[in-house]
Amino acid sequence: MTEAEKSIWIKMAEIDRRIIYWALFLLLAVPFIHPLMLPVSISETTKSLYDFIEGLGPDDIVVIGIQSGVSAWPECLPGLVAVTKHLVSRGVKIIVWGFYTDVDMTMNAIKARVPQLKWPDEEVGPGDYKYGEDWVYVGLIAGGEPSVAALADDLHAVIKADYFGTPIDQIPLLSKVKGAKDIALVITSDTGDYGWYYVRQWNSRYGTPIAEVGIAMIYSEFIPYYRAGQVVGLLKGCRGGAEYETLIKSPGEGIQRMDALNVSHLLTIFFIIIGNIGYFATRKYRR
Amino acid sequence: MAAAWRRPEIFIFIVGVVMGISWLGYFFYLPELDATVKLMQTWAVGIATFALVLGFLSAARIHLYYIRRRTPGMWPFSAWLFFFTAVATIAGLYSETTGFYAWQFKWVYTPLGATLYATTGFYICSAAYRAFRARSLEAGILLVAGILVMLGNCTIGEVLWKDIPTINEWLQLYGQAPFIRSIMVTAALGLILYALRVMAGIERGYLGALGAGGGGG
């Protein structure tokens with residue numbers, strides 16, 4: 001092998017990271033110019049969550065726990081919005097709370113995308129969700145797993161008022177709920193440990209079904225709980241959000257973001273293959 | 001007198017009793033203990049909330065050190081941290097839904113958080129290029145599985161090969177689940193044993209300097 005040929009293989013095995021960064025940056029612009037909008041197949045765990053919510057109705061109360069920050073919006077927000085839209089279409093009552101300090105931002109983002117959710121001072125039209133009766137926003141709850149456990153035992157011991165300071169006994173929806181036994185489903189969106197807290201404290205002790213709408217990284221770790229029936233459905237990050245949007249026939253940011261995911265994944269696989277070709281071609285010269 | 005109340009046995013006893021009552025309350029419904037368990041949970045919520053303050057004080061101690069010592073390359077950022085903490089705290093005390101507090105959350109915190117998260121994509125692409133080399137048979141299997149999962153996570157995978165979603169789903173639901181399960185069960189058993197050792201006073205690492213004199217064997 002000539003020196004020139006050797007250097008090509010070495011270059012393939014040792015591409016400067018700046019080239020990778022620029023290639024990714026430039027290729028991510030392609031979907032903006034020409035959206036790919038490829039069809040999304042539905043995974044079992046997403047369909048399972050969809051089917052479970054299809055079985056709920058106006059007599060059921062669901063908790064949405066927001067434990068993912070604004071930095072996780074690209075992965076978690078599409079799924080959260082799609083699931084909320086589905087719950088609203090089924091007339092299910094919703095209680096929203098969160099354990100992250102930026103939960104208000106995520107709540108506002110969901111509300112901007114699900115216009116049926118109305119604040120107390122907003123006019124309620126047909127099909128809208130009236131605050132206090134159809135849905136409630138509690139706001140930030142501090143305290144980690146002890147708080148999750150306390151909420152399961154006695155909601156009223158932890159929550160004294162909603163986000164607006166209205167005492168809990170003046171909120172019809174919250175006054176109906178004593179603890180985990182009154183909740184039909186907990187949908188937890190998290191990037192860390194809170195999903196496990198709900199499995200341990202809500203499902204293991206009270207049998208409350210749990211659903212995880214989190215980042216793709218923790219999807220695999222919840223599969224054993226899904227297989228055991230403790231978790232009724234999982235959305236895998238942005239892809240899960242896109243799948244759920246397809247199921248509820250309401251395309252949104254999840255499907256839009258799949259284009260960026262396609263480009264970045266393909267480019268990563270391309271560089272991995274190039275790197276391995278270069279590695280194998282130069283392996284004998286490293287020995 | 002000071003030495004008597006700082007004896008580690010006192011704290012070990014308190015921890016043991018609290019853990020024992022919590023354990024009983026978790027696994028059994030005992031009406032006699034129910035009120036005590038609920039009270040302890042309420043206290044735990046309050047103590048966990050104080051952890052937020054403790055976290056800030058720990059960070060403040062470190063950054064004050066940098067400022068006092070004028071550590072090159074560090075102290076301006078530490079000073080900026082204190083300045084912005086004060087500004088955000090005053091703004092939040094004044095109004096948490098309007099004004100500067102809401103503005104800085106919407107126009108500073110949110111874009112910065114999203115940007116930070118987005119930049120990890122670039123690092124991961126570069127790191128995957130460098131790390132995913134089939135140096136051995138096991139590394140090669142990991143490489144192939146990783147590529148299949150990546151193709152399964154994006155919609156273009158099924159355009160390239162229609163069976164990619166099926167393979168990806170099998171790998172996630174059945175291929176890796178037994179191993180994740182075994183790791184989780186093993187870790188859980190380890191945690192149970194650790195908790196029993198803490199309750200029995202054998203494990204004293206959580207006491208810090210107070211428990212440095214004994215145990216942990």
# chains A, B, ... in the order shown; residues from 1 in each chain; ligands from 1
call {"tool": "interface_residues", "arguments": {"of": "chain A", "to": "chain B", "cutoff": "6 Å", "atoms": "only C-alpha atoms", "output": "PyMOL selection string"}}
result
chain A and resi 17+21+40+70-71+142-143+146-147+150+224+262+268+271-272+276
call {"tool": "select_by_dssp", "arguments": {"residues": "stretch 57-205 of chain B", "states": "alpha helix (DSSP H)", "output": "ChimeraX atom specification"}}
result
/B:57-69,75-94,99-104,110-131,137-153,156-160,164-170,177-199
call {"tool": "residues_around", "arguments": {"residues": "stretch 255-258 of chain A", "least_positions_apart": "3", "cutoff": "8 Å", "atoms": "only C-alpha atoms", "output": "ChimeraX atom specification"}}
result
/A:35,37,74,238-239,241-243,245,251-252,261-262 /B:154-155
call {"tool": "write_last_selection", "arguments": {"atoms": "N, CA, C and O atoms", "output": "mmCIF file, in the first residue's frame"}}
result
data_model
loop_
_atom_site.group_PDB
_atom_site.id
_atom_site.type_symbol
_atom_site.label_atom_id
_atom_site.label_comp_id
_atom_site.auth_asym_id
_atom_site.auth_seq_id
_atom_site.Cartn_x
_atom_site.Cartn_y
_atom_site.Cartn_z
ATOM 1 N N PRO A 35 -38.609 19.544 4.146
ATOM 2 C CA PRO A 35 -39.019 18.594 5.182
ATOM 3 C C PRO A 35 -39.178 17.193 4.611
ATOM 4 O O PRO A 35 -39.702 17.007 3.521
ATOM 5 N N MET A 37 -40.694 14.463 6.352
ATOM 6 C CA MET A 37 -42.033 14.004 6.740
ATOM 7 C C MET A 37 -42.258 12.544 6.396
ATOM 8 O O MET A 37 -43.203 12.177 5.692
ATOM 9 N N PRO A 74 -37.333 19.312 23.792
ATOM 10 C CA PRO A 74 -37.305 18.652 22.476
ATOM 11 C C PRO A 74 -37.711 17.188 22.532
ATOM 12 O O PRO A 74 -38.312 16.673 21.595
ATOM 13 N N CYS A 238 -38.487 11.854 21.650
ATOM 14 C CA CYS A 238 -39.101 12.564 20.532
ATOM 15 C C CYS A 238 -39.842 11.587 19.619
ATOM 16 O O CYS A 238 -40.930 11.894 19.115
ATOM 17 N N ARG A 239 -39.280 10.410 19.395
ATOM 18 C CA ARG A 239 -39.908 9.403 18.540
ATOM 19 C C ARG A 239 -41.255 8.982 19.115
ATOM 20 O O ARG A 239 -42.246 8.852 18.383
ATOM 21 N N GLY A 241 -43.182 10.776 21.015
ATOM 22 C CA GLY A 241 -44.109 11.887 20.798
ATOM 23 C C GLY A 241 -44.652 11.883 19.389
ATOM 24 O O GLY A 241 -45.851 12.099 19.155
ATOM 25 N N ALA A 242 -43.766 11.632 18.402
ATOM 26 C CA ALA A 242 -44.201 11.579 17.002
ATOM 27 C C ALA A 242 -45.185 10.438 16.776
ATOM 28 O O ALA A 242 -46.177 10.574 16.061
ATOM 29 N N GLU A 243 -44.918 9.294 17.405
ATOM 30 C CA GLU A 243 -45.833 8.147 17.269
ATOM 31 C C GLU A 243 -47.200 8.495 17.857
ATOM 32 O O GLU A 243 -48.241 8.172 17.267
ATOM 33 N N GLU A 245 -48.540 11.442 18.267
ATOM 34 C CA GLU A 245 -49.203 12.428 17.402
ATOM 35 C C GLU A 245 -49.845 11.737 16.202
ATOM 36 O O GLU A 245 -50.928 12.112 15.759
ATOM 37 N N PRO A 251 -50.700 15.898 13.959
ATOM 38 C CA PRO A 251 -49.258 16.089 13.771
ATOM 39 C C PRO A 251 -48.788 17.385 14.416
ATOM 40 O O PRO A 251 -49.477 18.402 14.357
ATOM 41 N N GLY A 252 -47.629 17.294 15.037
ATOM 42 C CA GLY A 252 -47.108 18.465 15.743
ATOM 43 C C GLY A 252 -45.599 18.484 15.722
ATOM 44 O O GLY A 252 -44.960 18.027 14.777
ATOM 45 N N LEU A 261 -33.907 14.349 13.772
ATOM 46 C CA LEU A 261 -33.424 13.089 14.347
ATOM 47 C C LEU A 261 -32.895 12.185 13.243
ATOM 48 O O LEU A 261 -31.835 11.556 13.385
ATOM 49 N N ASN A 262 -33.636 12.122 12.121
ATOM 50 C CA ASN A 262 -33.195 11.283 10.996
ATOM 51 C C ASN A 262 -31.819 11.720 10.508
ATOM 52 O O ASN A 262 -30.925 10.892 10.303
ATOM 53 N N CYS B 154 -35.116 6.319 14.510
ATOM 54 C CA CYS B 154 -35.496 7.345 13.540
ATOM 55 C C CYS B 154 -36.322 6.705 12.427
ATOM 56 O O CYS B 154 -36.207 5.524 12.154
ATOM 57 N N THR B 155 -37.163 7.501 11.795
ATOM 58 C CA THR B 155 -38.114 6.956 10.822
ATOM 59 C C THR B 155 -37.443 6.529 9.531
ATOM 60 O O THR B 155 -38.005 5.739 8.772
#
call {"tool": "atom_distance", "arguments": {"atom1": "atom CA of A:Gly132", "atom2": "atom CA of A:Leu117"}}
result
10.9 Å
call {"tool": "closest_residue", "arguments": {"among": "A:Asp59, A:Glu123, A:Asp128, A:Asp154", "to": "A:Lys85", "atoms": "only C-alpha atoms"}}
result
A:Asp128
call {"tool": "atom_distance", "arguments": {"atom1": "atom CA of A:Asp16", "atom2": "atom CA of A:Phe270"}}
result
14.8 Å
call {"tool": "atom_distance", "arguments": {"atom1": "atom CA of A:Lys249", "atom2": "atom CA of A:Pro78"}}
result
13.3 Å
